[in-house]
file input27.cif (mmCIF, C-alpha atoms)
data_query
loop_
_atom_site.label_atom_id
_atom_site.label_comp_id
_atom_site.auth_asym_id
_atom_site.auth_seq_id
_atom_site.Cartn_x
_atom_site.Cartn_y
_atom_site.Cartn_z
CA MET A 5 17.67 28.40 15.63
CA SER A 6 17.19 24.86 14.32
CA LYS A 7 15.38 22.31 16.46
CA ASN A 8 17.12 18.92 16.60
CA TYR A 9 15.55 15.46 16.36
CA ASP A 10 16.79 11.89 16.38
CA VAL A 11 14.75 11.18 13.23
CA ILE A 12 12.82 13.28 10.75
CA VAL A 13 10.27 11.57 8.51
CA ILE A 14 9.23 13.38 5.34
CA GLY A 15 5.67 12.42 4.41
CA ALA A 16 2.68 11.87 6.76
CA GLY A 17 1.03 9.18 4.68
CA SER A 18 0.59 5.41 4.65
CA ILE A 19 4.28 4.81 5.42
CA GLY A 20 5.31 7.99 7.22
CA VAL A 21 2.69 7.91 9.97
CA PRO A 22 3.21 4.23 11.00
CA ALA A 23 6.98 4.84 10.88
CA THR A 24 6.62 7.93 13.09
CA MET A 25 4.40 5.99 15.48
CA ASN A 26 6.92 3.16 15.83
CA LEU A 27 9.86 5.49 16.26
CA ALA A 28 8.04 7.48 18.95
CA TYR A 29 6.94 4.27 20.70
CA ASN A 30 10.61 3.29 20.85
CA ARG A 31 11.47 6.61 22.51
CA LYS A 32 12.95 8.41 19.54
CA LYS A 33 12.58 12.15 19.33
CA VAL A 34 10.84 12.16 15.95
CA LEU A 35 9.33 14.81 13.71
CA CYS A 36 7.14 14.14 10.67
CA ILE A 37 6.86 16.89 8.05
CA ASP A 38 4.19 17.06 5.35
CA SER A 39 3.15 19.73 2.86
CA PHE A 40 -0.51 18.75 3.26
CA ALA A 41 -2.69 20.15 6.05
CA SER A 42 -3.23 16.87 7.93
CA PRO A 43 -2.16 13.20 7.86
CA GLY A 44 -3.10 10.93 4.99
CA GLN A 45 -4.03 13.65 2.50
CA GLY A 46 -1.90 12.24 -0.33
CA ASN A 47 -2.57 8.77 -1.69
CA ASN A 48 -3.60 7.26 1.65
CA LYS A 49 -7.09 8.79 1.44
CA LYS A 50 -7.38 7.48 -2.13
CA ALA A 51 -6.60 3.87 -1.19
CA ILE A 52 -9.51 1.47 -1.52
CA GLY A 53 -8.68 -0.30 1.75
CA GLY A 54 -7.64 -3.78 0.63
CA VAL A 55 -4.95 -5.50 2.69
CA ARG A 56 -3.42 -8.66 1.26
CA ALA A 57 -0.38 -10.80 1.77
CA THR A 58 -1.15 -12.42 -1.58
CA HIS A 59 2.01 -11.46 -3.43
CA SER A 60 4.76 -13.43 -5.15
CA ASP A 61 7.75 -12.02 -3.26
CA PHE A 62 9.04 -12.92 0.20
CA GLY A 63 9.48 -9.29 1.17
CA LYS A 64 5.95 -8.20 0.36
CA ILE A 65 4.37 -11.35 1.78
CA THR A 66 6.23 -11.05 5.08
CA VAL A 67 5.59 -7.32 5.52
CA CYS A 68 1.90 -7.66 4.69
CA GLN A 69 1.44 -10.63 7.01
CA ARG A 70 2.68 -8.41 9.82
CA SER A 71 0.47 -5.54 8.65
CA ILE A 72 -2.56 -7.84 8.69
CA GLU A 73 -1.71 -8.83 12.25
CA ILE A 74 -1.53 -5.16 13.27
CA PHE A 75 -4.72 -4.10 11.46
CA SER A 76 -6.76 -7.10 12.62
CA THR A 77 -5.85 -6.72 16.31
CA TRP A 78 -5.83 -2.93 16.52
CA ALA A 79 -9.37 -2.55 17.90
CA ALA A 80 -8.81 -5.18 20.59
CA LYS A 81 -5.46 -3.70 21.63
CA HIS A 82 -6.17 0.02 21.36
CA GLY A 83 -9.96 0.41 21.24
CA ASP A 84 -10.17 2.16 17.85
CA ASP A 85 -12.58 0.76 15.27
CA ILE A 86 -10.64 0.98 12.00
CA GLY A 87 -13.23 -0.99 10.03
CA TRP A 88 -11.22 -4.20 9.78
CA ILE A 89 -12.88 -7.29 8.29
CA SER A 90 -11.21 -10.55 7.27
CA ASN A 91 -13.08 -10.75 4.00
CA SER A 92 -10.28 -12.53 2.07
CA TYR A 93 -9.03 -12.23 -1.51
CA CYS A 94 -9.94 -14.35 -4.53
CA PHE A 95 -8.14 -14.39 -7.88
CA PRO A 96 -10.47 -16.27 -10.29
CA ALA A 97 -9.24 -17.84 -13.50
CA PHE A 98 -11.42 -17.61 -16.61
CA ASP A 99 -8.92 -19.01 -19.12
CA GLU A 100 -6.18 -21.63 -19.22
CA ALA A 101 -3.29 -19.15 -19.24
CA THR A 102 -4.52 -17.38 -16.09
CA GLU A 103 -5.09 -20.70 -14.36
CA LYS A 104 -1.51 -21.77 -15.10
CA THR A 105 -0.08 -18.45 -13.92
CA LEU A 106 -2.05 -18.54 -10.68
CA LYS A 107 -1.14 -22.16 -9.96
CA ASP A 108 2.54 -21.58 -10.73
CA THR A 109 2.53 -18.56 -8.43
CA LEU A 110 0.68 -20.56 -5.79
CA LYS A 111 3.72 -22.82 -5.41
CA ILE A 112 5.93 -19.79 -4.75
CA GLN A 113 3.44 -18.32 -2.29
CA LYS A 114 3.15 -21.55 -0.32
CA SER A 115 6.94 -21.81 -0.15
CA PHE A 116 6.86 -18.47 1.70
CA ASN A 117 4.26 -19.81 4.18
CA LEU A 118 1.34 -17.85 2.76
CA ASN A 119 -2.05 -19.22 3.78
CA ILE A 120 -3.53 -19.67 0.31
CA GLY A 121 -5.18 -22.46 -1.65
CA TRP A 122 -6.95 -23.35 -4.87
CA LEU A 123 -10.75 -23.48 -5.01
CA ASN A 124 -12.91 -25.13 -7.65
CA PRO A 125 -15.70 -23.16 -9.40
CA ASP A 126 -18.41 -24.34 -6.99
CA GLU A 127 -16.38 -23.25 -3.97
CA ILE A 128 -15.77 -19.82 -5.46
CA GLU A 129 -19.47 -19.46 -6.26
CA GLU A 130 -20.24 -20.01 -2.56
CA LEU A 131 -17.99 -17.05 -1.71
CA VAL A 132 -19.28 -14.86 -4.54
CA PRO A 133 -22.85 -16.03 -5.25
CA GLY A 134 -23.83 -15.34 -8.84
CA LEU A 135 -20.28 -15.03 -10.19
CA ARG A 136 -20.09 -16.06 -13.84
CA LYS A 137 -19.42 -19.82 -13.98
CA ASP A 138 -19.56 -20.71 -17.65
CA ALA A 139 -15.82 -20.11 -18.13
CA LEU A 140 -14.69 -20.23 -14.50
CA ARG A 141 -11.85 -22.70 -13.98
CA GLY A 142 -11.29 -22.07 -10.27
CA GLY A 143 -9.06 -19.61 -8.48
CA THR A 144 -6.85 -18.86 -5.53
CA PHE A 145 -8.28 -18.00 -2.13
CA SER A 146 -6.41 -16.35 0.76
CA PRO A 147 -8.64 -16.29 3.88
CA ASP A 148 -6.34 -14.18 6.07
CA ASP A 149 -6.46 -11.17 3.78
CA GLY A 150 -8.94 -8.42 4.50
CA SER A 151 -9.75 -4.72 4.40
CA CYS A 152 -10.24 -1.69 6.59
CA SER A 153 -10.79 2.04 6.39
CA PRO A 154 -7.70 4.01 5.30
CA LEU A 155 -9.17 7.13 6.95
CA ARG A 156 -9.84 5.48 10.29
CA ALA A 157 -6.55 3.55 10.29
CA ILE A 158 -4.22 6.47 9.59
CA ASN A 159 -5.96 8.64 12.14
CA ALA A 160 -5.70 5.87 14.72
CA PHE A 161 -1.96 5.61 14.03
CA TYR A 162 -1.57 9.39 14.05
CA PHE A 163 -3.24 9.95 17.41
CA LYS A 164 -1.39 6.99 18.91
CA SER A 165 1.91 8.47 17.71
CA LEU A 166 1.02 11.75 19.43
CA GLU A 167 0.43 9.80 22.66
CA TYR A 168 3.94 8.38 22.27
CA GLY A 169 5.42 11.87 21.92
CA ALA A 170 5.79 12.30 18.15
CA GLU A 171 5.69 15.77 16.63
CA TYR A 172 4.20 16.81 13.28
CA ARG A 173 4.52 19.86 11.10
CA PHE A 174 1.78 20.18 8.50
CA SER A 175 1.49 22.62 5.60
CA GLU A 176 5.30 22.79 5.43
CA LYS A 177 7.21 22.06 2.24
CA VAL A 178 10.79 20.79 2.42
CA ILE A 179 12.87 23.03 0.16
CA ASP A 180 16.45 22.08 1.02
CA ILE A 181 18.40 19.20 2.55
CA LYS A 182 22.06 19.40 3.54
CA TYR A 183 24.30 16.93 5.33
CA SER A 184 27.44 17.78 7.29
CA LYS A 185 29.10 16.87 10.58
CA LYS A 186 26.99 13.70 10.85
CA ALA A 187 23.68 15.59 10.83
CA PHE A 188 21.03 16.62 8.33
CA ALA A 189 19.91 20.22 8.03
CA ILE A 190 16.32 20.34 6.79
CA LYS A 191 14.92 23.63 5.56
CA THR A 192 11.21 24.07 4.92
CA ASP A 193 9.32 27.11 3.71
CA LYS A 194 8.62 27.90 7.39
CA ALA A 195 11.46 26.66 9.60
CA ASP A 196 14.80 24.87 9.94
CA TYR A 197 15.43 21.50 11.61
CA THR A 198 18.33 19.10 12.16
CA CYS A 199 18.35 15.35 12.68
CA ASP A 200 20.58 12.30 12.88
CA PHE A 201 18.46 10.10 10.59
CA LEU A 202 16.26 11.20 7.69
CA ILE A 203 13.52 8.95 6.27
CA ASN A 204 12.08 9.70 2.85
CA ALA A 205 8.44 8.55 2.86
CA ALA A 206 7.22 11.23 0.47
CA GLY A 207 5.07 9.07 -1.83
CA ASN A 208 4.50 10.88 -5.12
CA TYR A 209 7.30 13.28 -4.24
CA ALA A 210 9.91 10.66 -3.37
CA ARG A 211 12.15 11.57 -6.28
CA ASP A 212 11.96 15.30 -5.47
CA ILE A 213 13.06 14.71 -1.87
CA SER A 214 15.83 12.36 -3.00
CA HIS A 215 17.11 14.95 -5.44
CA LEU A 216 17.15 17.61 -2.72
CA ALA A 217 19.42 15.30 -0.74
CA GLY A 218 21.58 14.62 -3.82
CA PHE A 219 20.43 11.05 -4.59
CA GLU A 220 18.64 9.35 -7.46
CA CYS A 221 15.34 7.55 -6.88
CA HIS A 222 13.63 5.17 -9.32
CA VAL A 223 10.03 6.12 -8.54
CA THR A 224 7.51 7.40 -11.11
CA PRO A 225 3.82 7.93 -10.17
CA ASP A 226 1.07 6.76 -12.48
CA SER A 227 -2.63 7.46 -12.00
CA HIS A 228 -5.47 5.06 -11.21
CA GLU A 229 -9.17 5.65 -10.65
CA ALA A 230 -11.61 4.09 -8.23
CA ALA A 231 -15.24 4.42 -7.21
CA ILE A 232 -17.62 3.40 -4.44
CA THR A 233 -21.33 2.53 -4.40
CA ASP A 234 -24.15 3.15 -1.97
CA PRO A 235 -24.15 0.65 0.91
CA VAL A 236 -26.30 -2.48 0.63
CA GLN A 237 -26.74 -5.64 2.67
CA ARG A 238 -23.65 -7.84 2.50
CA PHE A 239 -23.88 -10.31 -0.40
CA PHE A 240 -20.31 -11.49 -1.11
CA GLU A 241 -17.07 -11.78 0.84
CA PRO A 242 -13.70 -11.59 -0.93
CA MET A 243 -11.90 -8.93 -2.89
CA VAL A 244 -12.28 -10.29 -6.43
CA VAL A 245 -9.25 -9.66 -8.65
CA ASP A 246 -9.57 -10.41 -12.37
CA THR A 247 -6.06 -10.35 -13.85
CA ILE A 248 -6.98 -10.93 -17.50
CA PRO A 249 -5.92 -7.96 -19.66
CA ALA A 250 -8.52 -6.33 -21.90
CA PRO A 251 -8.62 -3.26 -24.13
CA GLY A 252 -7.99 -0.24 -21.93
CA SER A 253 -7.11 -2.15 -18.75
CA LYS A 254 -4.63 -4.67 -17.37
CA ASN A 255 -6.86 -5.89 -14.55
CA TYR A 256 -9.56 -4.76 -12.15
CA TYR A 257 -10.77 -5.63 -8.67
CA PHE A 258 -13.73 -5.00 -6.38
CA TYR A 259 -15.00 -5.87 -2.90
CA GLN A 260 -17.69 -5.03 -0.38
CA ASN A 261 -16.36 -3.09 2.60
CA ASN A 262 -17.41 -3.26 6.24
CA GLU A 263 -20.18 -0.70 5.64
CA GLY A 264 -21.68 -2.62 2.70
CA GLN A 265 -20.34 -0.40 -0.07
CA VAL A 266 -18.76 -1.98 -3.15
CA VAL A 267 -15.40 -0.40 -3.92
CA PHE A 268 -13.72 -0.95 -7.27
CA CYS A 269 -10.60 0.03 -9.17
CA ILE A 270 -8.87 -0.68 -12.46
CA THR A 271 -5.29 -0.72 -13.74
CA PRO A 272 -5.34 1.26 -16.99
CA GLU A 273 -3.56 0.23 -20.16
CA PRO A 274 -1.63 2.18 -21.24
CA LEU A 275 -0.56 3.62 -17.90
CA LYS A 276 -1.30 7.28 -17.22
CA TYR A 277 1.84 8.85 -15.77
CA GLY A 278 1.78 11.94 -13.59
CA ILE A 279 -0.10 13.22 -10.54
CA ASP A 280 -3.21 14.67 -12.15
CA ASN A 281 -6.14 14.00 -9.78
CA ASP A 282 -8.93 14.92 -12.20
CA THR A 283 -11.27 11.99 -12.83
CA THR A 284 -12.11 10.90 -16.37
CA SER A 285 -15.33 10.06 -18.19
CA SER A 286 -13.84 6.79 -19.49
CA PHE A 287 -13.24 5.04 -16.17
CA LEU A 288 -16.78 4.09 -15.13
CA PRO A 289 -17.92 2.66 -18.51
CA LEU A 290 -14.69 0.68 -18.81
CA CYS A 291 -14.55 -0.72 -15.28
CA VAL A 292 -18.28 -1.32 -14.81
CA THR A 293 -18.51 -3.18 -18.12
CA ARG A 294 -15.71 -5.52 -17.05
CA MET A 295 -17.23 -6.10 -13.60
CA LEU A 296 -20.69 -6.90 -14.94
CA GLN A 297 -19.26 -9.42 -17.38
CA ILE A 298 -18.28 -11.68 -14.51
CA TYR A 299 -20.68 -10.52 -11.80
CA PRO A 300 -24.08 -9.35 -13.12
CA ARG A 301 -25.49 -8.98 -9.60
CA LEU A 302 -23.69 -5.64 -9.34
CA LYS A 303 -25.84 -4.03 -12.04
CA ASN A 304 -28.42 -2.37 -9.78
CA LEU A 305 -25.98 -0.65 -7.44
CA ASN A 306 -25.73 3.15 -7.47
CA VAL A 307 -22.25 4.61 -7.80
CA ARG A 308 -21.82 7.27 -5.12
CA ARG A 309 -18.39 8.71 -5.84
CA GLN A 310 -15.37 8.43 -8.16
CA TRP A 311 -11.81 9.58 -7.50
CA ARG A 312 -8.28 9.40 -8.84
CA GLY A 313 -4.95 8.77 -7.11
CA GLN A 314 -1.46 7.58 -7.88
CA TYR A 315 0.71 4.50 -7.59
CA PRO A 316 4.31 5.67 -6.98
CA MET A 317 5.85 2.91 -9.11
CA THR A 318 9.27 1.32 -9.28
CA PRO A 319 10.40 -0.53 -12.43
CA ASP A 320 9.77 -3.98 -10.89
CA GLY A 321 6.71 -3.30 -8.74
CA SER A 322 8.43 -3.66 -5.36
CA PRO A 323 9.22 -0.90 -2.84
CA ILE A 324 12.56 0.77 -2.26
CA VAL A 325 13.40 0.53 1.43
CA GLY A 326 16.77 0.80 3.13
CA LYS A 327 19.83 2.87 3.91
CA LEU A 328 21.81 4.43 1.10
CA LYS A 329 25.46 3.46 0.66
CA GLU A 330 26.36 7.06 -0.06
CA ASN A 331 24.89 8.09 3.30
CA PRO A 332 23.65 5.37 5.69
CA PHE A 333 21.72 7.93 7.70
CA PHE A 334 19.42 8.63 4.73
CA ILE A 335 16.74 5.94 4.57
CA GLN A 336 14.44 5.39 1.61
CA ALA A 337 10.88 4.17 2.21
CA VAL A 338 9.37 4.89 -1.19
CA GLY A 339 7.86 3.35 -4.33
CA MET A 340 5.10 1.35 -2.66
CA CYS A 341 3.44 0.81 -6.05
CA GLY A 342 -0.08 1.49 -4.81
CA GLN A 343 0.31 -0.83 -1.82
CA GLY A 344 1.56 1.61 0.78
CA PHE A 345 -1.59 1.33 2.87
CA MET A 346 -1.36 -2.44 3.20
CA MET A 347 2.41 -2.41 3.80
CA GLY A 348 2.57 0.65 6.05
CA PRO A 349 2.31 -0.93 9.52
CA GLY A 350 4.85 -3.65 8.70
CA ILE A 351 7.25 -1.25 6.98
CA GLY A 352 6.94 1.18 9.91
CA GLU A 353 8.31 -1.42 12.31
CA ILE A 354 11.21 -2.30 10.00
CA LEU A 355 12.15 1.37 9.62
CA ASN A 356 12.46 1.67 13.39
CA ARG A 357 14.70 -1.40 13.49
CA ILE A 358 16.85 0.07 10.69
CA VAL A 359 17.37 3.21 12.78
CA GLU A 360 18.16 1.13 15.87
CA ASP A 361 20.47 -1.21 13.90
CA ARG A 362 18.73 -4.32 15.20
CA LEU A 363 17.36 -5.95 12.05
CA THR A 364 16.22 -9.55 12.34
CA ALA A 365 17.17 -12.30 9.88
CA ASP A 366 13.72 -11.98 8.27
CA ASP A 367 14.17 -8.20 8.06
CA GLN A 368 17.44 -8.70 6.20
CA ARG A 369 15.71 -11.02 3.74
CA VAL A 370 12.81 -8.60 3.28
CA LEU A 371 15.22 -5.76 2.59
CA GLU A 372 16.96 -7.84 -0.07
CA SER A 373 13.70 -7.63 -2.03
CA PHE A 374 13.46 -3.88 -1.40
CA ASN A 375 17.16 -3.07 -1.91
CA PRO A 376 17.61 0.45 -3.39
CA TYR A 377 20.55 -0.90 -5.45
CA ARG A 378 18.88 -3.92 -7.04
CA ASN A 379 18.78 -4.09 -10.83
CA PHE A 380 14.93 -4.05 -10.98
CA ASP A 381 14.85 -6.92 -13.50
CA LYS A 382 12.53 -9.29 -11.56
CA GLU A 383 8.96 -8.08 -11.85
CA GLU A 384 6.67 -8.79 -8.92
CA MET A 385 3.75 -10.91 -10.14
CA PHE A 386 0.89 -9.19 -8.31
CA LYS A 387 2.12 -5.60 -8.36
#

call {"tool": "encode", "arguments": {"input": "input27.cif", "output": "structure tokens"}}
result
Amino acid sequence: MSKNYDVIVIGAGSIGVPATMNLAYNRKKVLCIDSFASPGQGNNKKAIGGVRATHSDFGKITVCQRSIEIFSTWAAKHGDDIGWISNSYCFPAFDEATEKTLKDTLKIQKSFNLNIGWLNPDEIEELVPGLRKDALRGGTFSPDDGSCSPLRAINAFYFKSLEYGAEYRFSEKVIDIKYSKKAFAIKTDKADYTCDFLINAAGNYARDISHLAGFECHVTPDSHEAAITDPVQRFFEPMVVDTIPAPGSKNYYFYQNNEGQVVFCITPEPLKYGIDNDTTSSFLPLCVTRMLQIYPRLKNLNVRRQWRGQYPMTPDGSPIVGKLKENPFFIQAVGMCGQGFMMGPGIGEILNRIVEDRLTADDQRVLESFNPYRNFDKEEMFK
């Protein structure tokens, strides 16, 4: 016999767990199903931990501002240390074209009330002592941005959701979805369930779940690699993001986390589509060479570990979030484009308000950016 729920969330990752937590907090009978053995075992555990509102779209900026508020106050409100630090983000400019792009985008960001400004080379050097200055033209600086531990954060959200009454089923794969008589019938490889609302938060498998329900989904994962060093005494503050393309990479970024480790990642060029998690021998030479070109002080650090994960991408670099016209009880929360961790807490609250049909004016504007039916022709600048 099927067990019935108000809401079923498919995917216990960066979006699914915060959504489940918010739904349970608001007294929904909610079940979260995941094929992995525990929460956050997909791309959440591969996130590098950066949390920024530094985007070029109202939707992303607004959601991430709320996420920052949740992350930064979590320890004070709930007592869990999730490793939050307000270490900021810095996008340096080393050529005229990058400077123009950053300054043009700065106007858009300020129009959306983002706390961001332009720093001269000396001011940036104070934040990142020893950063290459011979070609540095300045850069943007967003002091409210920060970072925290994806492992600690998702487990804090998970255990809090259990306190609120949420249920989870791990190591279960959804194999069929049917809709009739105003209810979904969800079949896994172990059990059957029914629900009034179904939320697709399946990350890499967003398209598979959509297809099971009979809908199309414009999400395609591509792979990225990252690495982390041994911890050392803190010697610089912001996440440094160099957006200048180079052979083999579109951009790269690095920061020092709350434990003193330097974490770094690169966006490959060309992109590597698929969900292969095997690391490559090309990543470290490529990324480290780029990092040392602008920050030689990193040269003596020991790399501890390297890993590979995916960005479930949409064509324009913005998420797909909202009800479907074909069935308003099926809600997409997919295509986070590698930013699911930083958007998760904010998106989780919006998903609850979608279910409750009490969206705010700002929610409506956010969801315009994330509309599943948009034409995907406006690329987000900092995707």

call {"tool": "residues_around", "arguments": {"input": "input27.cif", "residues": "region 62-71 of chain A", "least_positions_apart": "3", "cutoff": "8 Å", "atoms": "only C-alpha atoms", "output": "PDB file with C-alpha atoms, keeping the file's coordinate frame"}}
result
ATOM      1  CA  VAL A  55      -4.950  -5.500   2.690  1.00  0.00           C
ATOM      2  CA  ARG A  56      -3.420  -8.660   1.260  1.00  0.00           C
ATOM      3  CA  ALA A  57      -0.380 -10.800   1.770  1.00  0.00           C
ATOM      4  CA  THR A  58      -1.150 -12.420  -1.580  1.00  0.00           C
ATOM      5  CA  HIS A  59       2.010 -11.460  -3.430  1.00  0.00           C
ATOM      6  CA  ILE A  74      -1.530  -5.160  13.270  1.00  0.00           C
ATOM      7  CA  PHE A  75      -4.720  -4.100  11.460  1.00  0.00           C
ATOM      8  CA  PHE A 116       6.860 -18.470   1.700  1.00  0.00           C
ATOM      9  CA  LEU A 118       1.340 -17.850   2.760  1.00  0.00           C
ATOM     10  CA  SER A 322       8.430  -3.660  -5.360  1.00  0.00           C
ATOM     11  CA  MET A 346      -1.360  -2.440   3.200  1.00  0.00           C
ATOM     12  CA  MET A 347       2.410  -2.410   3.800  1.00  0.00           C
ATOM     13  CA  GLY A 348       2.570   0.650   6.050  1.00  0.00           C
ATOM     14  CA  PRO A 349       2.310  -0.930   9.520  1.00  0.00           C
ATOM     15  CA  GLY A 350       4.850  -3.650   8.700  1.00  0.00           C
ATOM     16  CA  ILE A 351       7.250  -1.250   6.980  1.00  0.00           C
ATOM     17  CA  ARG A 369      15.710 -11.020   3.740  1.00  0.00           C
ATOM     18  CA  VAL A 370      12.810  -8.600   3.280  1.00  0.00           C
ATOM     19  CA  LEU A 371      15.220  -5.760   2.590  1.00  0.00           C
ATOM     20  CA  GLU A 372      16.960  -7.840  -0.070  1.00  0.00           C
ATOM     21  CA  SER A 373      13.700  -7.630  -2.030  1.00  0.00           C
ATOM     22  CA  PHE A 374      13.460  -3.880  -1.400  1.00  0.00           C
TER      23      PHE A 374
END

call {"tool": "resolve_selection", "arguments": {"input": "input27.cif", "expression": "the PyMOL selection byres ((chain A and resi 331) around 12)", "output": "list in words"}}
result
Lys182, Tyr183, Ser184, Lys186, Ala187, Phe188, Asp200, Phe201, Leu202, Ile203, Ser214, Ala217, Gly218, Phe219, Gly326, Lys327, Leu328, Lys329, Glu330, Pro332, Phe333, Phe334, Ile335 and Gln336 of chain A

call {"tool": "residues_around", "arguments": {"input": "input27.cif", "residues": "Phe258 (chain A)", "least_positions_apart": "6", "cutoff": "10 Å", "atoms": "only C-alpha atoms", "output": "list of chain:residue names"}}
result
A:Ile52, A:Gly54, A:Tyr93, A:Ala230, A:Ala231, A:Ile232, A:Pro242, A:Met243, A:Val244, A:Val245, A:Asp246, A:Val266, A:Val267, A:Phe268, A:Cys269, A:Ile270, A:Cys291, A:Met295

call {"tool": "residues_around", "arguments": {"input": "input27.cif", "residues": "Cys36 (chain A)", "least_positions_apart": "3", "cutoff": "8 Å", "atoms": "only C-alpha atoms", "output": "PyMOL selection string"}}
result
chain A and resi 12-16+20-21+24+170-173

call {"tool": "closest_residue", "arguments": {"input": "input27.cif", "among": "A:Ser42, A:Thr144, A:Lys137, A:Pro300", "to": "Lys111 (chain A)", "atoms": "all atoms listed in the file"}}
result
A:Thr144

call {"tool": "residues_around", "arguments": {"input": "input27.cif", "residues": "Asn119 (chain A)", "least_positions_apart": "6", "cutoff": "9 Å", "atoms": "all atoms listed in the file", "output": "PyMOL selection string"}}
result
chain A and resi 57-58+113+145-148

call {"tool": "resolve_selection", "arguments": {"input": "input27.cif", "expression": "the PyMOL selection byres ((chain A and resi 177) around 12)", "output": "PyMOL selection string"}}
result
chain A and resi 14-15+36-41+173-176+178-181+190-196+206+209+212-213+216

call {"tool": "atom_distance", "arguments": {"input": "input27.cif", "atom1": "CA of Pro316 (chain A)", "atom2": "CA of Asn204 (chain A)"}}
result
13.2 Å

call {"tool": "closest_residue", "arguments": {"input": "input27.cif", "among": "A:Ile72, A:Val34, A:Leu305, A:Ile279", "to": "Gln237 (chain A)", "atoms": "all atoms listed in the file"}}
result
A:Leu305

call {"tool": "closest_residue", "arguments": {"input": "input27.cif", "among": "A:Ala160, A:Ala205, A:Met385, A:Met317", "to": "Lys276 (chain A)", "atoms": "all atoms listed in the file"}}
result
A:Met317

call {"tool": "atom_distance", "arguments": {"input": "input27.cif", "atom1": "CA of Tyr299 (chain A)", "atom2": "CA of Gly252 (chain A)"}}
result
19.2 Å

call {"tool": "closest_residue", "arguments": {"input": "input27.cif", "among": "A:Arg31, A:Thr198, A:Pro251, A:Trp78", "to": "Lys7 (chain A)", "atoms": "all atoms listed in the file"}}
result
A:Thr198

call {"tool": "decode", "arguments": {"input": "input27.cif", "residues": "region 213-227 of chain A", "atoms": "N, CA and C atoms", "output": "mmCIF file, in the first residue's frame"}}
result
data_model
loop_
_atom_site.group_PDB
_atom_site.id
_atom_site.type_symbol
_atom_site.label_atom_id
_atom_site.label_comp_id
_atom_site.auth_asym_id
_atom_site.auth_seq_id
_atom_site.Cartn_x
_atom_site.Cartn_y
_atom_site.Cartn_z
ATOM 1 N N ILE A 213 14.463 12.471 -14.317
ATOM 2 C CA ILE A 213 13.238 12.541 -13.509
ATOM 3 C C ILE A 213 12.138 13.254 -14.287
ATOM 4 N N SER A 214 12.492 14.321 -14.991
ATOM 5 C CA SER A 214 11.496 15.032 -15.799
ATOM 6 C C SER A 214 10.899 14.114 -16.855
ATOM 7 N N HIS A 215 11.749 13.337 -17.494
ATOM 8 C CA HIS A 215 11.263 12.439 -18.535
ATOM 9 C C HIS A 215 10.339 11.366 -17.961
ATOM 10 N N LEU A 216 10.640 10.884 -16.752
ATOM 11 C CA LEU A 216 9.754 9.909 -16.121
ATOM 12 C C LEU A 216 8.360 10.489 -15.911
ATOM 13 N N ALA A 217 8.319 11.799 -15.638
ATOM 14 C CA ALA A 217 7.036 12.463 -15.418
ATOM 15 C C ALA A 217 6.397 12.933 -16.723
ATOM 16 N N GLY A 218 7.137 12.801 -17.843
ATOM 17 C CA GLY A 218 6.588 13.167 -19.146
ATOM 18 C C GLY A 218 6.886 14.583 -19.575
ATOM 19 N N PHE A 219 7.928 15.219 -18.994
ATOM 20 C CA PHE A 219 8.258 16.606 -19.323
ATOM 21 C C PHE A 219 9.696 16.723 -19.821
ATOM 22 N N GLU A 220 9.934 17.759 -20.613
ATOM 23 C CA GLU A 220 11.295 18.043 -21.061
ATOM 24 C C GLU A 220 11.992 18.905 -20.016
ATOM 25 N N CYS A 221 13.322 18.871 -20.021
ATOM 26 C CA CYS A 221 14.110 19.623 -19.038
ATOM 27 C C CYS A 221 15.439 19.995 -19.676
ATOM 28 N N HIS A 222 15.745 21.293 -19.742
ATOM 29 C CA HIS A 222 16.935 21.770 -20.439
ATOM 30 C C HIS A 222 18.139 21.827 -19.490
ATOM 31 N N VAL A 223 18.547 20.676 -18.991
ATOM 32 C CA VAL A 223 19.695 20.591 -18.087
ATOM 33 C C VAL A 223 20.659 19.537 -18.595
ATOM 34 N N THR A 224 21.937 19.938 -18.757
ATOM 35 C CA THR A 224 22.984 19.026 -19.210
ATOM 36 C C THR A 224 24.205 19.181 -18.300
ATOM 37 N N PRO A 225 24.620 18.144 -17.567
ATOM 38 C CA PRO A 225 25.780 18.270 -16.682
ATOM 39 C C PRO A 225 27.090 18.341 -17.466
ATOM 40 N N ASP A 226 27.995 19.198 -16.993
ATOM 41 C CA ASP A 226 29.374 19.133 -17.470
ATOM 42 C C ASP A 226 30.300 19.067 -16.262
ATOM 43 N N SER A 227 31.482 18.514 -16.462
ATOM 44 C CA SER A 227 32.370 18.189 -15.346
ATOM 45 C C SER A 227 33.421 19.262 -15.086
#
